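Undergrad: File work.txt follows (compact mmCIF, N, CA and C atoms):
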# COMPACT_ATOMS: atom_id res chain seq x y z
N MET A 1 -171.31 239.31 30.11
CA MET A 1 -170.10 238.52 30.29
C MET A 1 -169.69 238.57 31.76
N GLU A 2 -169.27 237.45 32.28
CA GLU A 2 -168.82 237.38 33.67
C GLU A 2 -167.47 238.07 33.83
N PRO A 3 -167.29 238.77 34.92
CA PRO A 3 -165.98 239.40 35.15
C PRO A 3 -164.92 238.35 35.46
N LEU A 4 -163.68 238.70 35.20
CA LEU A 4 -162.56 237.84 35.57
C LEU A 4 -162.35 238.02 37.07
N THR A 5 -162.37 236.93 37.80
CA THR A 5 -162.23 236.97 39.26
C THR A 5 -161.10 236.03 39.67
N PHE A 6 -160.23 236.52 40.56
CA PHE A 6 -159.15 235.68 41.06
C PHE A 6 -158.72 236.17 42.42
N LYS A 7 -157.97 235.34 43.14
CA LYS A 7 -157.44 235.69 44.45
C LYS A 7 -156.13 236.46 44.27
N SER A 8 -155.92 237.44 45.12
CA SER A 8 -154.71 238.25 45.05
C SER A 8 -153.48 237.40 45.32
N GLN A 9 -152.44 237.65 44.57
CA GLN A 9 -151.18 236.95 44.83
C GLN A 9 -150.49 237.49 46.08
N PHE A 10 -150.92 238.65 46.55
CA PHE A 10 -150.33 239.25 47.74
C PHE A 10 -151.03 238.83 49.02
N ASP A 11 -152.31 238.50 48.90
CA ASP A 11 -153.10 238.06 50.05
C ASP A 11 -154.28 237.25 49.51
N PRO A 12 -154.26 235.93 49.69
CA PRO A 12 -155.32 235.08 49.13
C PRO A 12 -156.70 235.32 49.74
N ASN A 13 -156.79 236.12 50.77
CA ASN A 13 -158.09 236.47 51.34
C ASN A 13 -158.75 237.62 50.58
N ILE A 14 -158.03 238.20 49.65
CA ILE A 14 -158.54 239.34 48.88
C ILE A 14 -158.89 238.86 47.47
N THR A 15 -160.09 239.22 47.03
CA THR A 15 -160.55 238.86 45.69
C THR A 15 -160.40 240.05 44.76
N ILE A 16 -159.88 239.78 43.57
CA ILE A 16 -159.73 240.78 42.53
C ILE A 16 -160.80 240.49 41.48
N VAL A 17 -161.53 241.52 41.08
CA VAL A 17 -162.55 241.39 40.04
C VAL A 17 -162.22 242.41 38.95
N ILE A 18 -162.09 241.92 37.73
CA ILE A 18 -161.85 242.79 36.58
C ILE A 18 -163.13 242.81 35.76
N VAL A 19 -163.73 244.01 35.64
CA VAL A 19 -165.00 244.14 34.93
C VAL A 19 -164.80 244.87 33.61
N LEU A 20 -165.59 244.46 32.62
CA LEU A 20 -165.59 245.09 31.31
C LEU A 20 -166.91 245.83 31.10
N SER A 21 -166.99 246.61 30.05
CA SER A 21 -168.17 247.45 29.82
C SER A 21 -169.44 246.65 29.58
N ASP A 22 -169.34 245.38 29.22
CA ASP A 22 -170.55 244.59 29.00
C ASP A 22 -171.10 243.98 30.30
N HIS A 23 -170.43 244.25 31.42
CA HIS A 23 -170.93 243.77 32.71
C HIS A 23 -172.15 244.62 33.10
N PRO A 24 -173.20 244.00 33.63
CA PRO A 24 -174.42 244.75 33.96
C PRO A 24 -174.22 245.92 34.93
N GLN A 25 -173.21 245.85 35.78
CA GLN A 25 -173.00 246.93 36.75
C GLN A 25 -171.91 247.91 36.32
N TYR A 26 -171.38 247.75 35.11
CA TYR A 26 -170.27 248.61 34.69
C TYR A 26 -170.65 250.09 34.74
N GLU A 27 -171.83 250.43 34.27
CA GLU A 27 -172.24 251.84 34.26
C GLU A 27 -172.30 252.41 35.67
N GLN A 28 -172.65 251.59 36.66
CA GLN A 28 -172.66 252.04 38.06
C GLN A 28 -171.23 252.21 38.58
N LEU A 29 -170.32 251.39 38.10
CA LEU A 29 -168.94 251.43 38.55
C LEU A 29 -168.12 252.51 37.85
N LYS A 30 -168.51 252.89 36.65
CA LYS A 30 -167.74 253.83 35.84
C LYS A 30 -167.42 255.14 36.58
N PRO A 31 -168.38 255.76 37.28
CA PRO A 31 -168.02 256.99 38.00
C PRO A 31 -166.93 256.77 39.06
N MET A 32 -166.89 255.59 39.63
CA MET A 32 -165.84 255.29 40.62
C MET A 32 -164.49 255.12 39.92
N PHE A 33 -164.48 254.48 38.76
CA PHE A 33 -163.24 254.38 37.99
C PHE A 33 -162.77 255.77 37.57
N ASP A 34 -163.73 256.63 37.17
CA ASP A 34 -163.38 257.99 36.77
C ASP A 34 -162.74 258.74 37.93
N GLU A 35 -163.23 258.49 39.15
CA GLU A 35 -162.69 259.18 40.32
C GLU A 35 -161.39 258.57 40.81
N TYR A 36 -161.32 257.23 40.86
CA TYR A 36 -160.18 256.55 41.49
C TYR A 36 -159.15 256.01 40.52
N GLY A 37 -159.43 256.00 39.23
CA GLY A 37 -158.46 255.50 38.28
C GLY A 37 -158.75 254.08 37.85
N TYR A 38 -157.71 253.31 37.66
CA TYR A 38 -157.83 251.95 37.13
C TYR A 38 -158.64 251.01 38.01
N GLY A 39 -158.70 251.29 39.29
CA GLY A 39 -159.41 250.39 40.18
C GLY A 39 -159.56 250.99 41.55
N PHE A 40 -160.26 250.25 42.40
CA PHE A 40 -160.46 250.70 43.76
C PHE A 40 -160.72 249.50 44.65
N MET A 41 -160.47 249.68 45.93
CA MET A 41 -160.77 248.62 46.89
C MET A 41 -162.08 248.97 47.57
N VAL A 42 -162.80 247.93 47.99
CA VAL A 42 -164.07 248.12 48.68
C VAL A 42 -163.79 247.92 50.16
N PRO A 43 -163.85 249.00 50.96
CA PRO A 43 -163.53 248.88 52.39
C PRO A 43 -164.38 247.82 53.09
N GLY A 44 -163.72 247.03 53.91
CA GLY A 44 -164.41 246.01 54.70
C GLY A 44 -164.86 244.79 53.93
N GLN A 45 -164.54 244.70 52.66
CA GLN A 45 -165.01 243.58 51.84
C GLN A 45 -163.91 242.67 51.31
N ASN A 46 -162.63 243.03 51.52
CA ASN A 46 -161.52 242.28 50.93
C ASN A 46 -161.74 242.07 49.44
N LEU A 47 -162.14 243.15 48.78
CA LEU A 47 -162.50 243.11 47.37
C LEU A 47 -161.87 244.30 46.65
N ILE A 48 -161.28 244.02 45.50
CA ILE A 48 -160.71 245.05 44.64
C ILE A 48 -161.36 244.91 43.27
N ILE A 49 -161.86 246.04 42.76
CA ILE A 49 -162.52 246.05 41.45
C ILE A 49 -161.66 246.87 40.50
N ILE A 50 -161.31 246.26 39.37
CA ILE A 50 -160.43 246.89 38.38
C ILE A 50 -161.19 247.07 37.07
N ASP A 51 -160.98 248.22 36.43
CA ASP A 51 -161.61 248.55 35.16
C ASP A 51 -160.88 247.83 34.03
N GLY A 52 -161.44 246.74 33.57
CA GLY A 52 -160.82 245.96 32.50
C GLY A 52 -160.76 246.70 31.18
N GLU A 53 -161.61 247.71 31.01
CA GLU A 53 -161.60 248.49 29.77
C GLU A 53 -160.27 249.18 29.56
N GLN A 54 -159.55 249.46 30.63
CA GLN A 54 -158.24 250.11 30.53
C GLN A 54 -157.20 249.19 29.87
N PHE A 55 -157.51 247.91 29.80
CA PHE A 55 -156.54 246.94 29.28
C PHE A 55 -156.94 246.31 27.95
N ILE A 56 -158.08 246.72 27.41
CA ILE A 56 -158.60 246.11 26.19
C ILE A 56 -157.60 246.22 25.04
N ASP A 57 -157.12 247.41 24.77
CA ASP A 57 -156.25 247.62 23.61
C ASP A 57 -154.77 247.46 23.94
N ASN A 58 -154.44 247.47 25.22
CA ASN A 58 -153.02 247.44 25.58
C ASN A 58 -152.84 246.73 26.92
N PHE A 59 -153.02 245.41 26.92
CA PHE A 59 -152.86 244.67 28.17
C PHE A 59 -151.41 244.76 28.63
N ASN A 60 -151.24 245.07 29.90
CA ASN A 60 -149.91 245.18 30.47
C ASN A 60 -149.94 244.57 31.86
N SER A 61 -149.35 243.40 32.01
CA SER A 61 -149.40 242.70 33.30
C SER A 61 -148.63 243.45 34.38
N ASP A 62 -147.62 244.24 34.00
CA ASP A 62 -146.88 245.02 35.01
C ASP A 62 -147.76 246.10 35.62
N VAL A 63 -148.56 246.75 34.79
CA VAL A 63 -149.50 247.76 35.29
C VAL A 63 -150.55 247.09 36.17
N LEU A 64 -151.09 245.97 35.71
CA LEU A 64 -152.11 245.26 36.48
C LEU A 64 -151.56 244.82 37.84
N LYS A 65 -150.34 244.34 37.86
CA LYS A 65 -149.71 243.91 39.11
C LYS A 65 -149.52 245.09 40.06
N PHE A 66 -149.11 246.25 39.50
CA PHE A 66 -148.96 247.44 40.33
C PHE A 66 -150.31 247.87 40.91
N ILE A 67 -151.36 247.90 40.08
CA ILE A 67 -152.69 248.29 40.56
C ILE A 67 -153.12 247.37 41.69
N GLU A 68 -152.96 246.06 41.49
CA GLU A 68 -153.33 245.10 42.53
C GLU A 68 -152.56 245.38 43.82
N ALA A 69 -151.24 245.56 43.72
CA ALA A 69 -150.42 245.79 44.92
C ALA A 69 -150.83 247.09 45.61
N HIS A 70 -151.11 248.13 44.83
CA HIS A 70 -151.51 249.43 45.39
C HIS A 70 -152.83 249.28 46.17
N GLU A 71 -153.80 248.60 45.57
CA GLU A 71 -155.11 248.45 46.23
C GLU A 71 -155.03 247.51 47.43
N VAL A 72 -154.23 246.46 47.33
CA VAL A 72 -154.02 245.56 48.48
C VAL A 72 -153.39 246.35 49.63
N ALA A 73 -152.44 247.22 49.30
CA ALA A 73 -151.81 248.05 50.34
C ALA A 73 -152.85 248.92 51.05
N HIS A 74 -153.80 249.48 50.29
CA HIS A 74 -154.88 250.24 50.94
C HIS A 74 -155.60 249.36 51.97
N LEU A 75 -155.90 248.13 51.60
CA LEU A 75 -156.60 247.23 52.53
C LEU A 75 -155.74 246.90 53.74
N ILE A 76 -154.46 246.60 53.52
CA ILE A 76 -153.56 246.28 54.63
C ILE A 76 -153.44 247.46 55.59
N LEU A 77 -153.45 248.67 55.02
CA LEU A 77 -153.29 249.88 55.83
C LEU A 77 -154.62 250.37 56.42
N ASP A 78 -155.68 249.60 56.20
CA ASP A 78 -157.02 249.94 56.73
C ASP A 78 -157.53 251.30 56.27
N HIS A 79 -157.22 251.67 55.04
CA HIS A 79 -157.76 252.92 54.49
C HIS A 79 -159.22 252.69 54.16
N ASP A 80 -160.08 253.56 54.64
CA ASP A 80 -161.50 253.40 54.34
C ASP A 80 -162.16 254.72 53.95
N GLY A 81 -161.33 255.68 53.54
CA GLY A 81 -161.84 256.93 53.01
C GLY A 81 -161.98 257.99 54.07
N PRO A 82 -162.22 259.20 53.69
CA PRO A 82 -162.16 259.63 52.30
C PRO A 82 -160.73 259.60 51.77
N ARG A 83 -160.63 259.60 50.47
CA ARG A 83 -159.33 259.53 49.79
C ARG A 83 -158.47 260.73 50.19
N SER A 84 -157.19 260.46 50.44
CA SER A 84 -156.27 261.55 50.78
C SER A 84 -154.93 261.33 50.08
N ASP A 85 -154.19 262.42 49.91
CA ASP A 85 -152.87 262.33 49.29
C ASP A 85 -151.94 261.44 50.10
N ASP A 86 -152.01 261.56 51.44
CA ASP A 86 -151.16 260.72 52.30
C ASP A 86 -151.49 259.24 52.12
N ASP A 87 -152.78 258.91 52.07
CA ASP A 87 -153.17 257.51 51.88
C ASP A 87 -152.68 256.98 50.54
N GLU A 88 -152.75 257.82 49.51
CA GLU A 88 -152.29 257.39 48.18
C GLU A 88 -150.78 257.14 48.18
N MET A 89 -150.03 258.03 48.83
CA MET A 89 -148.58 257.81 48.90
C MET A 89 -148.28 256.55 49.70
N ASP A 90 -148.95 256.39 50.83
CA ASP A 90 -148.70 255.20 51.64
C ASP A 90 -149.05 253.92 50.89
N ALA A 91 -150.11 253.95 50.09
CA ALA A 91 -150.47 252.78 49.30
C ALA A 91 -149.41 252.48 48.25
N ASP A 92 -148.82 253.52 47.65
CA ASP A 92 -147.72 253.28 46.70
C ASP A 92 -146.49 252.73 47.42
N LEU A 93 -146.21 253.24 48.60
CA LEU A 93 -145.07 252.72 49.37
C LEU A 93 -145.31 251.26 49.76
N GLY A 94 -146.52 250.96 50.18
CA GLY A 94 -146.87 249.58 50.50
C GLY A 94 -146.79 248.69 49.27
N ALA A 95 -147.25 249.21 48.13
CA ALA A 95 -147.16 248.46 46.88
C ALA A 95 -145.71 248.14 46.54
N TYR A 96 -144.83 249.12 46.76
CA TYR A 96 -143.41 248.90 46.52
C TYR A 96 -142.91 247.71 47.34
N LEU A 97 -143.28 247.68 48.62
CA LEU A 97 -142.83 246.58 49.49
C LEU A 97 -143.43 245.24 49.04
N LEU A 98 -144.70 245.23 48.66
CA LEU A 98 -145.34 243.99 48.20
C LEU A 98 -144.70 243.51 46.90
N LEU A 99 -144.48 244.42 45.98
CA LEU A 99 -143.87 244.05 44.70
C LEU A 99 -142.44 243.57 44.87
N LYS A 100 -141.73 244.20 45.79
CA LYS A 100 -140.34 243.79 46.06
C LYS A 100 -140.31 242.36 46.61
N LYS A 101 -141.28 242.03 47.45
CA LYS A 101 -141.36 240.69 48.06
C LYS A 101 -141.48 239.59 47.01
N ILE A 102 -142.18 239.88 45.92
CA ILE A 102 -142.36 238.85 44.88
C ILE A 102 -141.41 239.03 43.70
N GLY A 103 -140.53 240.02 43.78
CA GLY A 103 -139.55 240.23 42.73
C GLY A 103 -140.12 240.77 41.43
N ALA A 104 -141.16 241.58 41.53
CA ALA A 104 -141.82 242.16 40.35
C ALA A 104 -141.07 243.41 39.90
N VAL A 105 -139.90 243.21 39.34
CA VAL A 105 -138.98 244.30 39.00
C VAL A 105 -139.61 245.31 38.04
N ASP A 106 -140.30 244.85 37.00
CA ASP A 106 -140.86 245.77 36.02
C ASP A 106 -142.01 246.59 36.61
N SER A 107 -142.79 246.00 37.49
CA SER A 107 -143.85 246.76 38.16
C SER A 107 -143.26 247.79 39.10
N ILE A 108 -142.18 247.45 39.77
CA ILE A 108 -141.49 248.42 40.64
C ILE A 108 -140.93 249.58 39.82
N LYS A 109 -140.34 249.26 38.67
CA LYS A 109 -139.82 250.32 37.80
C LYS A 109 -140.94 251.28 37.38
N LEU A 110 -142.09 250.72 37.06
CA LEU A 110 -143.25 251.53 36.70
C LEU A 110 -143.66 252.45 37.86
N LEU A 111 -143.74 251.89 39.05
CA LEU A 111 -144.09 252.67 40.24
C LEU A 111 -143.08 253.80 40.44
N LEU A 112 -141.81 253.48 40.37
CA LEU A 112 -140.77 254.49 40.61
C LEU A 112 -140.77 255.58 39.52
N ARG A 113 -141.05 255.18 38.29
CA ARG A 113 -141.07 256.13 37.18
C ARG A 113 -142.17 257.18 37.37
N HIS A 114 -143.27 256.81 38.01
CA HIS A 114 -144.41 257.72 38.16
C HIS A 114 -144.56 258.30 39.56
N PHE A 115 -143.69 257.92 40.49
CA PHE A 115 -143.85 258.31 41.88
C PHE A 115 -143.86 259.82 42.08
N LYS A 116 -142.88 260.51 41.51
CA LYS A 116 -142.80 261.97 41.72
C LYS A 116 -144.01 262.68 41.12
N ASN A 117 -144.44 262.25 39.95
CA ASN A 117 -145.60 262.85 39.32
C ASN A 117 -146.87 262.62 40.16
N ARG A 118 -146.96 261.45 40.76
CA ARG A 118 -148.14 261.11 41.56
C ARG A 118 -148.14 261.79 42.92
N HIS A 119 -146.94 262.05 43.49
CA HIS A 119 -146.88 262.49 44.88
C HIS A 119 -146.11 263.79 45.11
N GLY A 120 -145.47 264.31 44.09
CA GLY A 120 -144.78 265.59 44.22
C GLY A 120 -143.42 265.51 44.89
N VAL A 121 -142.99 264.31 45.24
CA VAL A 121 -141.66 264.12 45.83
C VAL A 121 -141.01 262.92 45.15
N LYS A 122 -139.70 262.95 45.11
CA LYS A 122 -138.96 261.83 44.55
C LYS A 122 -139.00 260.65 45.53
N PHE A 123 -139.09 259.44 44.98
CA PHE A 123 -139.08 258.25 45.83
C PHE A 123 -137.75 258.17 46.57
N ASP A 124 -137.83 257.86 47.85
CA ASP A 124 -136.65 257.66 48.69
C ASP A 124 -137.01 256.51 49.63
N GLU A 125 -136.12 255.54 49.76
CA GLU A 125 -136.42 254.40 50.63
C GLU A 125 -136.70 254.81 52.07
N LYS A 126 -136.23 256.00 52.48
CA LYS A 126 -136.53 256.49 53.83
C LYS A 126 -138.04 256.69 54.02
N LEU A 127 -138.75 256.95 52.93
CA LEU A 127 -140.20 257.11 53.00
C LEU A 127 -140.90 255.83 53.44
N LEU A 128 -140.25 254.69 53.21
CA LEU A 128 -140.84 253.41 53.57
C LEU A 128 -141.09 253.27 55.08
N GLU A 129 -140.40 254.08 55.86
CA GLU A 129 -140.61 254.09 57.33
C GLU A 129 -142.07 254.36 57.66
N ARG A 130 -142.75 255.09 56.78
CA ARG A 130 -144.16 255.44 57.01
C ARG A 130 -145.05 254.21 57.09
N VAL A 131 -144.67 253.14 56.38
CA VAL A 131 -145.58 252.00 56.25
C VAL A 131 -144.96 250.64 56.60
N LYS A 132 -143.64 250.58 56.74
CA LYS A 132 -142.99 249.27 56.79
C LYS A 132 -143.48 248.37 57.92
N ASN A 133 -143.93 248.94 59.03
CA ASN A 133 -144.39 248.11 60.14
C ASN A 133 -145.70 247.37 59.83
N SER A 134 -146.43 247.86 58.85
CA SER A 134 -147.69 247.19 58.45
C SER A 134 -147.44 246.04 57.49
N PHE A 135 -146.23 245.99 56.92
CA PHE A 135 -145.93 244.97 55.93
C PHE A 135 -144.88 244.03 56.44
Translate the structure described by the file into structure tokens.

TA:
Amino acid sequence: MEPLTFKSQFDPNITIVIVLSDHPQYEQLKPMFDEYGYGFMVPGQNLIIIDGEQFIDNFNSDVLKFIEAHEVAHLILDHDGPRSDDDEMDADLGAYLLLKKIGAVDSIKLLLRHFKNRHGVKFDEKLLERVKNSF
């Protein structure tokens, strides 16, 4: 089955690909999903690959929108590895700004609800200073 492919609503130069387990390369991608979670960006490719299997039984467009914004933020911030806690926090902060721009209130609520668990600190708009010049 062909993956679902579309242009990012945050940056039309970025392609989003959602792959399912019946995709021929899924088994190669699975270890990356296991390491990075729901999805990951491919440095230098303007490409984000999302694990569609995470949405089979419980599709949630707010989660999908957050994942897209988070990965787009990695690209905007020129993160190219290795993965770091600072990069992950900055990507969430960037996602917050991207989601706010389009009025994605429910995706923002999701981000804020999980921020402390993901980063060990409570969300504070002062943290946005870390990334706001890139957005």

Undergrad: What's the separation between atom C of Ser61 (chain A) and CA of Ser21 (chain A), in Å to one decimal place?

TA: 20.5 Å

Undergrad: Have a look at A:Glu27, A:Glu68, A:Asp62, A:Asp78 and name the one nearest to Gly44 (chain A); count only C-alpha atoms.

TA: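 Selected residue with least distance to Gly44 (chain A): A:Asp78.
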
Undergrad: Let's see if you can do this: from backbone DSSP, list all strand (DSSP E) residues in region 6-100 of chain A, as a PyMOL selection string.

TA: chain A and resi 6-7+15-19+39-42+47-51

Undergrad: Please give the complete set of residues from region 3-130 of chain A that DSSP, run on the backbone, assigns to alpha helix (DSSP H), formatted as a count of residues only.

TA: 60

Undergrad: Kindly give the distance, in Å, that separates CA of His79 (chain A) and CA of Phe135 (chain A), rounded to a single decimal.

TA: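 Separation between CA of His79 (chain A) and CA of Phe135 (chain A): 14.3 Å.
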
Undergrad: Write out as a PDB file with N, CA and C atoms, in the coordinates of the input each polymer residue whose atoms come within 6 Å of Met41 (chain A), counting only C-alpha atoms; drop sequence neighbours fewer than 3 positions from it.

TA:
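Once everything was written out, this is around_2.pdb:
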ATOM      1  N   LEU A  47    -162.140 243.150  48.780  1.00  0.00           N
ATOM      2  CA  LEU A  47    -162.500 243.110  47.370  1.00  0.00           C
ATOM      3  C   LEU A  47    -161.870 244.300  46.650  1.00  0.00           C
ATOM      4  N   ILE A  48    -161.280 244.020  45.500  1.00  0.00           N
ATOM      5  CA  ILE A  48    -160.710 245.050  44.640  1.00  0.00           C
ATOM      6  C   ILE A  48    -161.360 244.910  43.270  1.00  0.00           C
ATOM      7  N   GLU A  71    -153.800 248.600  45.570  1.00  0.00           N
ATOM      8  CA  GLU A  71    -155.110 248.450  46.230  1.00  0.00           C
ATOM      9  C   GLU A  71    -155.030 247.510  47.430  1.00  0.00           C
TER      10      GLU A  71
END

Undergrad: Quick one: residues within 12 Å of region 118-121 of chain A, only C-alpha atoms counted, chain neighbours fewer than 5 positions away excluded, as an MDAnalysis selection string?

TA: chainID A and resid 84:93 110:113 127

Undergrad: Write out as a list in words each polymer residue whose atoms come within 9 Å of Asn46 (chain A), counting only C-alpha atoms; drop sequence neighbours fewer than 6 positions from it.

TA: Asn13, Ile14, Thr15, Ile16, Val72 and Leu75 of chain A

Undergrad: Could you state the separation of atom C of Phe66 (chain A) and atom C of Ser107 (chain A) in Å, given to one decimal place?

TA: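 One can read the atom C of Phe66 (chain A) to atom C of Ser107 (chain A) distance as 7.3 Å.
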
Undergrad: Set the distance at 7 Å and use all atoms listed in the file: which residues neighbour Glu2 (chain A) once local chain neighbours fewer than 5 positions away are removed? I'd like the list as a VMD selection string.

TA: chain A and resid 18 to 20 23

Undergrad: Pop region 97-108 of chain A out of the structure in the block and write N, CA and C atoms as a short mmCIF file (atom, residue, chain, number, x, y, z; two decimals), in the first residue's frame.

TA:
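Ended up saving to selection19.cif:
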data_model
loop_
_atom_site.label_atom_id
_atom_site.label_comp_id
_atom_site.auth_asym_id
_atom_site.auth_seq_id
_atom_site.Cartn_x
_atom_site.Cartn_y
_atom_site.Cartn_z
N LEU A 97 4.71 27.58 18.89
CA LEU A 97 4.57 28.80 18.07
C LEU A 97 3.88 28.51 16.74
N LEU A 98 4.22 27.40 16.10
CA LEU A 98 3.59 27.04 14.83
C LEU A 98 2.10 26.75 15.02
N LEU A 99 1.78 26.01 16.06
CA LEU A 99 0.38 25.68 16.33
C LEU A 99 -0.43 26.91 16.70
N LYS A 100 0.20 27.81 17.43
CA LYS A 100 -0.49 29.06 17.81
C LYS A 100 -0.81 29.89 16.57
N LYS A 101 0.11 29.89 15.61
CA LYS A 101 -0.07 30.66 14.36
C LYS A 101 -1.32 30.22 13.60
N ILE A 102 -1.63 28.93 13.65
CA ILE A 102 -2.79 28.43 12.90
C ILE A 102 -4.02 28.24 13.79
N GLY A 103 -3.89 28.58 15.06
CA GLY A 103 -5.03 28.47 15.97
C GLY A 103 -5.42 27.05 16.33
N ALA A 104 -4.44 26.16 16.40
CA ALA A 104 -4.69 24.75 16.72
C ALA A 104 -4.76 24.57 18.24
N VAL A 105 -5.83 25.05 18.83
CA VAL A 105 -5.99 25.11 20.28
C VAL A 105 -5.87 23.73 20.93
N ASP A 106 -6.52 22.71 20.37
CA ASP A 106 -6.50 21.39 20.99
C ASP A 106 -5.11 20.76 20.91
N SER A 107 -4.39 20.99 19.84
CA SER A 107 -3.01 20.49 19.74
C SER A 107 -2.11 21.20 20.74
N ILE A 108 -2.33 22.48 20.94
CA ILE A 108 -1.56 23.24 21.94
C ILE A 108 -1.85 22.70 23.34
#
